[in-house]
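Reviewing the structure listed below.
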Amino acid sequence: MQWKRFAPWLLPVIPAVGIKIFSFFPDAVEKYYSNGLYPFLARLLRFVFGWIPFSAGDIFYAIIFIYLLISIIRFFKKVFQQRLHRQYLFYASGRLLTLFLWIYVVFNFLWGLNYDRPGIAQQMHLESKPYSTDELKTLMSAIVFRINALDSASRSFREALHRKGWLFAESADAYRKYAAYDDAFYYRTPSVKPSLFSYLGNYFGIGGYYNPFTGEAQVNTTIPVFTQPFTTCHEIGHQLGYAKEEEANFAGFLTAKTSSNPAFRYSVYVDLYLYAGSELYVRDSTAFIPYRESLKPTVRQDLRELKTFYKKYENPFEPVIRRLYGDYLRANRQPQGMNSYDEVVGLAVAYYNKFGREAF
């Protein structure tokens with residue numbers, strides 16, 4: 001019968017529609033997915049792929065890229081040979097649509113539904129609201145104080161940060177320590193690996209990423225070493241179901257600042273300084289200057305090193321990649337796009353207001 005020809009194409013429509021409808025109920029997503037099914041799926045993926053000494057997800061992405069490249073070449077070959085016809089285009093379009101639908105289903109089933117949970121602010125009972133410039137200045141004062149206090153002690157661990165096994169183990173330990181205060185951050189079956197595409201990632205401004213299909217967290221291990229502890233904690237945050245970038249940033253903040261290792265605490269406050277400092281500079285560039293000048297010379301040297309590093313890899317493709325990723329974020333309930341990372345400042349202000357300077 002004619003309908004049987006369309007059955008394989010229509011098969012993913014039902015779960016795709018079901019997932020979309022379910023995503024409209026954040027509280028249900030939180031209860032039944034983020035705190036129900038997802039932790040089991042995530043741990044299972046880390047158990048299956050975690051023992052592999054390299055990133056299986058990166059190999060998977062490489063295979064997909066090669067397959068797509070070959071498919072595109074074949075398509076244009078048919079175009080030049082004038083072998084395209086209506087039946088072929090109809091069949092190819094149906095297969096492509098089916099593929100995208102299955103990717104949507106699998107992506108959301110394995111991780112993507114976490115974008116639709118209420119959020120970490122609700123989980124921690126933080127009052128997330130627009131913050132004033134005075135509140136931002138108060139936050140900056142606390143950040144600068146922490147950075148300067150940690151600067152000397154953190155440098156004795158710089159060499160150890162080059163040992164990636166140690167870096168990843170310390171990151172997992174930071175989560176274990178914070179889980180004593182909030183068991184939602186309990187990190188079982190760790191799986192963090194160096195990215196196989198680290199150098200390529202430099203050209204696209206990528207410090208790390210999470211693979212939802214294998215459950216692995218990948219870290220770009222060529223970026224300045226003092227930034228890597230926070231990047232690692234950020235990616236582990238994604239593994240625990242904090243899908244939105246500002247929430248993964250905040251999970252990284254909470255855990256890295258709890259670490260007994262001063263290199264981790266220094267890393268997170270430097271990163272938070274960049275976000276908060278950028279926001280203050282936009283609001284009042286004159287008010288930002290005293291905070292920058294209050295940093296120790298060695299800290300300012302680190303910031304110059306970071307700026308020089310990324311400037312070295314500037315290229316015409318990076319803005320395109322950032323724009324595409326920004327569109328992806330906007331499609332997943334992050335209307336600020338790439339600026340979503342910066343929204344961690346609002347969460348940090350809310351945390352500071354609730355728990356005070358000592359807890360910060």
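Letters A, B, ... mark the chains of the structure tokens in the order given; residue numbers begin at 1 per chain; ligand numbers begin at 1, in order shown.
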Based on the backbone DSSP call, show me all residues of range 144-216 of chain A assigned helix (DSSP H, G or I), as a ChimeraX atom specification. /A:144-155,160-162,164-179,183-185,198-204
Expected file: the selected residues, C-alpha atoms, as a CSV table (one decimal), in the first residue's frame:
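Once written, out.csv looks like this:
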```csv
chain,number,residue,atom,x,y,z
A,144,VAL,CA,38.9,41.2,42.8
A,145,PHE,CA,39.5,40.5,46.5
A,146,ARG,CA,39.3,36.8,45.9
A,147,ILE,CA,41.5,36.9,42.8
A,148,ASN,CA,44.3,38.8,44.5
A,149,ALA,CA,44.1,36.7,47.7
A,150,LEU,CA,44.4,33.4,45.6
A,151,ASP,CA,47.0,34.6,43.1
A,152,SER,CA,50.2,33.5,44.8
A,153,ALA,CA,48.9,30.2,46.2
A,154,SER,CA,47.4,29.2,42.9
A,155,ARG,CA,50.7,29.5,41.0
A,160,ALA,CA,50.2,20.2,38.0
A,161,LEU,CA,47.4,21.6,35.8
A,162,HIS,CA,49.3,20.3,32.7
A,164,LYS,CA,45.2,16.3,32.5
A,165,GLY,CA,44.3,13.2,34.6
A,166,TRP,CA,45.1,15.2,37.7
A,167,LEU,CA,43.1,18.2,36.4
A,168,PHE,CA,40.0,16.1,35.7
A,169,ALA,CA,40.2,14.2,39.0
A,170,GLU,CA,40.5,17.4,40.9
A,171,SER,CA,37.4,18.7,39.0
A,172,ALA,CA,35.4,15.6,40.0
A,173,ASP,CA,36.6,16.1,43.6
A,174,ALA,CA,35.3,19.7,43.6
A,175,TYR,CA,31.9,18.4,42.7
A,176,ARG,CA,32.1,15.7,45.4
A,177,LYS,CA,32.9,18.4,48.0
A,178,TYR,CA,30.0,20.7,46.9
A,179,ALA,CA,27.7,17.7,46.8
A,183,ASP,CA,23.3,16.4,46.5
A,184,ALA,CA,22.0,17.5,43.2
A,185,PHE,CA,25.7,18.1,42.3
A,198,SER,CA,41.7,21.3,20.7
A,199,TYR,CA,43.8,23.3,18.2
A,200,LEU,CA,40.8,23.5,15.8
A,201,GLY,CA,38.7,24.7,18.7
A,202,ASN,CA,41.1,27.7,19.2
A,203,TYR,CA,40.1,29.0,15.8
A,204,PHE,CA,36.4,28.8,16.8
```
Set the distance at 10 Å and use only C-alpha atoms: which residues neighbour range 102-104 of chain A once local chain neighbours fewer than 2 positions away are removed? I'd like the list as a ChimeraX atom specification. /A:9,11-13,15-16,19-20,96-100,106-109,112,213
Written file, previous selection with N, CA and C atoms, as a PDB file, in the first residue's frame:
```pdb
ATOM      1  N   TRP A   9       9.373   7.417   7.181  1.00  0.00           N
ATOM      2  CA  TRP A   9       9.583   8.861   7.324  1.00  0.00           C
ATOM      3  C   TRP A   9       8.739   9.433   8.453  1.00  0.00           C
ATOM      4  N   LEU A  11       7.707   7.751  11.143  1.00  0.00           N
ATOM      5  CA  LEU A  11       7.938   7.084  12.422  1.00  0.00           C
ATOM      6  C   LEU A  11       8.478   8.011  13.502  1.00  0.00           C
ATOM      7  N   PRO A  12       9.460   8.889  13.212  1.00  0.00           N
ATOM      8  CA  PRO A  12       9.972   9.758  14.282  1.00  0.00           C
ATOM      9  C   PRO A  12       9.065  10.929  14.623  1.00  0.00           C
ATOM     10  N   VAL A  13       8.015  11.154  13.827  1.00  0.00           N
ATOM     11  CA  VAL A  13       7.141  12.301  14.082  1.00  0.00           C
ATOM     12  C   VAL A  13       6.451  12.174  15.437  1.00  0.00           C
ATOM     13  N   PRO A  15       7.293  10.506  18.390  1.00  0.00           N
ATOM     14  CA  PRO A  15       8.093  10.877  19.576  1.00  0.00           C
ATOM     15  C   PRO A  15       8.541  12.336  19.548  1.00  0.00           C
ATOM     16  N   ALA A  16       8.781  12.892  18.357  1.00  0.00           N
ATOM     17  CA  ALA A  16       9.197  14.295  18.272  1.00  0.00           C
ATOM     18  C   ALA A  16       8.091  15.209  18.784  1.00  0.00           C
ATOM     19  N   ILE A  19       7.772  14.795  22.611  1.00  0.00           N
ATOM     20  CA  ILE A  19       8.839  15.513  23.321  1.00  0.00           C
ATOM     21  C   ILE A  19       8.543  17.004  23.353  1.00  0.00           C
ATOM     22  N   LYS A  20       8.092  17.538  22.222  1.00  0.00           N
ATOM     23  CA  LYS A  20       7.800  18.976  22.162  1.00  0.00           C
ATOM     24  C   LYS A  20       6.680  19.344  23.120  1.00  0.00           C
ATOM     25  N   LEU A  96      16.299  13.155   4.462  1.00  0.00           N
ATOM     26  CA  LEU A  96      16.938  14.219   5.228  1.00  0.00           C
ATOM     27  C   LEU A  96      16.029  14.680   6.369  1.00  0.00           C
ATOM     28  N   LEU A  97      14.749  14.842   6.075  1.00  0.00           N
ATOM     29  CA  LEU A  97      13.798  15.238   7.110  1.00  0.00           C
ATOM     30  C   LEU A  97      13.720  14.183   8.205  1.00  0.00           C
ATOM     31  N   THR A  98      13.698  12.914   7.817  1.00  0.00           N
ATOM     32  CA  THR A  98      13.653  11.825   8.793  1.00  0.00           C
ATOM     33  C   THR A  98      14.892  11.834   9.673  1.00  0.00           C
ATOM     34  N   LEU A  99      16.054  12.070   9.053  1.00  0.00           N
ATOM     35  CA  LEU A  99      17.309  12.129   9.807  1.00  0.00           C
ATOM     36  C   LEU A  99      17.273  13.241  10.844  1.00  0.00           C
ATOM     37  N   PHE A 100      16.825  14.433  10.434  1.00  0.00           N
ATOM     38  CA  PHE A 100      16.757  15.551  11.364  1.00  0.00           C
ATOM     39  C   PHE A 100      15.786  15.278  12.512  1.00  0.00           C
ATOM     40  N   VAL A 106      16.565  11.851  19.541  1.00  0.00           N
ATOM     41  CA  VAL A 106      17.656  11.266  20.324  1.00  0.00           C
ATOM     42  C   VAL A 106      18.344  12.332  21.176  1.00  0.00           C
ATOM     43  N   PHE A 107      18.599  13.505  20.584  1.00  0.00           N
ATOM     44  CA  PHE A 107      19.251  14.598  21.305  1.00  0.00           C
ATOM     45  C   PHE A 107      18.454  14.984  22.547  1.00  0.00           C
ATOM     46  N   ASN A 108      17.154  15.173  22.389  1.00  0.00           N
ATOM     47  CA  ASN A 108      16.320  15.585  23.513  1.00  0.00           C
ATOM     48  C   ASN A 108      16.137  14.468  24.521  1.00  0.00           C
ATOM     49  N   PHE A 109      16.042  13.236  24.060  1.00  0.00           N
ATOM     50  CA  PHE A 109      15.882  12.105  24.970  1.00  0.00           C
ATOM     51  C   PHE A 109      17.118  11.918  25.836  1.00  0.00           C
ATOM     52  N   GLY A 112      18.805  16.952  25.749  1.00  0.00           N
ATOM     53  CA  GLY A 112      18.282  18.254  25.370  1.00  0.00           C
ATOM     54  C   GLY A 112      17.079  18.743  26.142  1.00  0.00           C
ATOM     55  N   PHE A 213      25.493  12.649  22.965  1.00  0.00           N
ATOM     56  CA  PHE A 213      25.283  11.309  22.429  1.00  0.00           C
ATOM     57  C   PHE A 213      26.190  10.266  23.077  1.00  0.00           C
TER      58      PHE A 213
END
```
Would you list the contacts of range 286-296 of chain A as a PyMOL selection string, taking every protein, DNA or RNA residue within 10 Å and counting only C-alpha atoms, but skipping same-chain residues closer than 3 positions in sequence? chain A and resi 133+137+140-141+143-145+147-149+151-152+273+276-283+299-301
Using only N, CA and C atoms, please write the residues we just selected to a file, as a short mmCIF file (atom, residue, chain, number, x, y, z; two decimals), in the first residue's frame.
```cif
data_model
loop_
_atom_site.label_atom_id
_atom_site.label_comp_id
_atom_site.auth_asym_id
_atom_site.auth_seq_id
_atom_site.Cartn_x
_atom_site.Cartn_y
_atom_site.Cartn_z
N THR A 133 23.58 48.55 39.07
CA THR A 133 25.01 48.78 38.88
C THR A 133 25.74 48.75 40.22
N LYS A 137 28.88 46.44 41.23
CA LYS A 137 30.13 46.94 41.80
C LYS A 137 30.50 46.18 43.07
N MET A 140 31.91 42.95 42.00
CA MET A 140 33.26 43.13 41.46
C MET A 140 34.28 43.28 42.58
N SER A 141 33.92 43.99 43.62
CA SER A 141 34.83 44.16 44.76
C SER A 141 35.18 42.80 45.38
N ILE A 143 34.98 39.86 43.90
CA ILE A 143 35.74 39.05 42.93
C ILE A 143 37.21 39.46 42.93
N VAL A 144 37.47 40.76 42.86
CA VAL A 144 38.85 41.24 42.83
C VAL A 144 39.58 40.84 44.11
N PHE A 145 38.89 40.95 45.24
CA PHE A 145 39.49 40.54 46.52
C PHE A 145 39.90 39.07 46.47
N ILE A 147 40.46 37.11 43.81
CA ILE A 147 41.53 36.85 42.84
C ILE A 147 42.89 37.21 43.43
N ASN A 148 42.99 38.40 43.99
CA ASN A 148 44.27 38.84 44.55
C ASN A 148 44.72 37.95 45.70
N ALA A 149 43.77 37.50 46.51
CA ALA A 149 44.12 36.65 47.66
C ALA A 149 44.61 35.28 47.22
N ASP A 151 46.02 34.57 44.16
CA ASP A 151 47.02 34.62 43.09
C ASP A 151 48.28 33.84 43.41
N SER A 152 48.95 34.16 44.50
CA SER A 152 50.23 33.53 44.84
C SER A 152 50.09 32.02 45.07
N TYR A 273 35.30 37.37 36.84
CA TYR A 273 35.76 38.75 36.66
C TYR A 273 35.56 39.19 35.21
N ALA A 276 31.65 39.71 34.74
CA ALA A 276 31.14 40.86 35.49
C ALA A 276 31.82 42.15 35.06
N GLY A 277 33.13 42.07 34.80
CA GLY A 277 33.87 43.25 34.36
C GLY A 277 33.39 43.76 33.02
N SER A 278 33.09 42.83 32.13
CA SER A 278 32.57 43.22 30.82
C SER A 278 31.23 43.93 30.95
N GLU A 279 30.37 43.42 31.83
CA GLU A 279 29.06 44.04 32.04
C GLU A 279 29.20 45.42 32.67
N LEU A 280 30.11 45.56 33.65
CA LEU A 280 30.31 46.86 34.28
C LEU A 280 30.89 47.85 33.29
N TYR A 281 31.80 47.41 32.44
CA TYR A 281 32.41 48.29 31.44
C TYR A 281 31.35 48.84 30.49
N VAL A 282 30.40 47.99 30.11
CA VAL A 282 29.32 48.43 29.22
C VAL A 282 28.44 49.46 29.93
N ARG A 283 28.16 49.23 31.19
CA ARG A 283 27.29 50.14 31.94
C ARG A 283 27.99 51.44 32.31
N VAL A 299 48.23 39.07 38.01
CA VAL A 299 46.89 38.74 37.52
C VAL A 299 46.64 39.45 36.20
N ARG A 300 47.02 40.71 36.12
CA ARG A 300 46.83 41.45 34.87
C ARG A 300 47.65 40.82 33.75
N GLN A 301 48.80 40.26 34.11
CA GLN A 301 49.61 39.56 33.11
C GLN A 301 48.87 38.31 32.60
#
```
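Omitting Phe25 in chain A and its sequence neighbours fewer than 6 positions away, and counting only C-alpha atoms, the residues within 12 Å are Gly18, Ile19, Lys31, Tyr32, Tyr33, Leu113, Asn114, Tyr115, Asp116, Arg117 and Pro118 of chain A.
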Write a file of the just-selected residues containing N, CA and C atoms, as a JSON list (two decimals), in the first residue's frame.
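What landed in out03.json:
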```json
[["chain", "number", "residue", "atom", "x", "y", "z"],
["A", 18, "GLY", "N", 5.65, 14.30, 20.81],
["A", 18, "GLY", "CA", 5.50, 14.03, 22.24],
["A", 18, "GLY", "C", 6.53, 14.77, 23.07],
["A", 19, "ILE", "N", 7.77, 14.79, 22.61],
["A", 19, "ILE", "CA", 8.84, 15.51, 23.32],
["A", 19, "ILE", "C", 8.54, 17.00, 23.35],
["A", 31, "LYS", "N", 10.90, 17.05, 37.29],
["A", 31, "LYS", "CA", 10.60, 15.90, 38.15],
["A", 31, "LYS", "C", 10.87, 14.57, 37.45],
["A", 32, "TYR", "N", 10.33, 14.42, 36.24],
["A", 32, "TYR", "CA", 10.35, 13.11, 35.59],
["A", 32, "TYR", "C", 11.55, 12.90, 34.67],
["A", 33, "TYR", "N", 12.13, 13.99, 34.20],
["A", 33, "TYR", "CA", 13.29, 13.84, 33.30],
["A", 33, "TYR", "C", 14.59, 14.24, 33.99],
["A", 113, "LEU", "N", 16.27, 17.84, 26.70],
["A", 113, "LEU", "CA", 15.12, 18.28, 27.48],
["A", 113, "LEU", "C", 15.51, 19.08, 28.71],
["A", 114, "ASN", "N", 16.78, 18.97, 29.11],
["A", 114, "ASN", "CA", 17.25, 19.77, 30.25],
["A", 114, "ASN", "C", 17.18, 21.26, 29.98],
["A", 115, "TYR", "N", 17.13, 21.67, 28.72],
["A", 115, "TYR", "CA", 16.95, 23.08, 28.40],
["A", 115, "TYR", "C", 15.60, 23.60, 28.89],
["A", 116, "ASP", "N", 14.66, 22.69, 29.10],
["A", 116, "ASP", "CA", 13.29, 23.09, 29.42],
["A", 116, "ASP", "C", 12.96, 22.96, 30.90],
["A", 117, "ARG", "N", 13.94, 22.65, 31.73],
["A", 117, "ARG", "CA", 13.70, 22.56, 33.17],
["A", 117, "ARG", "C", 13.61, 23.99, 33.74],
["A", 118, "PRO", "N", 13.01, 24.16, 34.92],
["A", 118, "PRO", "CA", 12.82, 25.51, 35.47],
["A", 118, "PRO", "C", 14.12, 26.29, 35.66]]
```
Show me, as a tab-separated table, the residues of range 181-243 of chain A having an atom within 6 Å of range 39-61 of chain A, each with the closest atom pair and its distance in Å, using only C-alpha atoms.
```
residue	atom	partner	partner_atom	distance
A:Ser191	CA	A:Gly50	CA	4.9
A:Thr214	CA	A:Leu45	CA	5.6
A:Gly215	CA	A:Leu45	CA	5.2
```
With N, CA and C atoms retained, export the selected residues as a tab-separated table (two decimals), in the first residue's frame.
```tsv
chain	number	residue	atom	x	y	z
A	191	SER	N	33.57	11.22	33.46
A	191	SER	CA	34.07	11.00	32.10
A	191	SER	C	34.40	12.34	31.47
A	214	THR	N	27.27	10.72	23.71
A	214	THR	CA	28.17	9.79	24.40
A	214	THR	C	28.32	10.12	25.87
A	215	GLY	N	27.82	11.27	26.30
A	215	GLY	CA	27.91	11.66	27.71
A	215	GLY	C	29.27	12.14	28.13
```
For Phe253 in chain A, list every protein, DNA or RNA residue within 8 Å, evaluated using only C-alpha atoms, and leave out those in the same chain fewer than 3 positions away; present the list as a ChimeraX atom specification. /A:230,233-234,249-250,256-257,268-269
Keeping C-alpha atoms, export the residues of the selection given above as a PDB file, in the first residue's frame.
```pdb
ATOM      1  CA  PHE A 230      36.762  26.373  35.499  1.00  0.00           C
ATOM      2  CA  CYS A 233      33.841  22.258  35.989  1.00  0.00           C
ATOM      3  CA  HIS A 234      31.578  24.033  33.487  1.00  0.00           C
ATOM      4  CA  ASN A 249      28.788  28.471  34.359  1.00  0.00           C
ATOM      5  CA  PHE A 250      27.101  28.821  37.734  1.00  0.00           C
ATOM      6  CA  ALA A 256      35.311  25.296  41.688  1.00  0.00           C
ATOM      7  CA  LYS A 257      35.104  27.846  44.514  1.00  0.00           C
ATOM      8  CA  VAL A 268      36.633  30.534  38.612  1.00  0.00           C
ATOM      9  CA  TYR A 269      37.063  34.054  39.981  1.00  0.00           C
TER      10      TYR A 269
END
```
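Note that CA of Leu101 in chain A and CA of Phe22 in chain A are 16.1 Å apart.
Relative to CA of Trp111 in chain A, CA of Lys244 in chain A is found at 11.4 Å.
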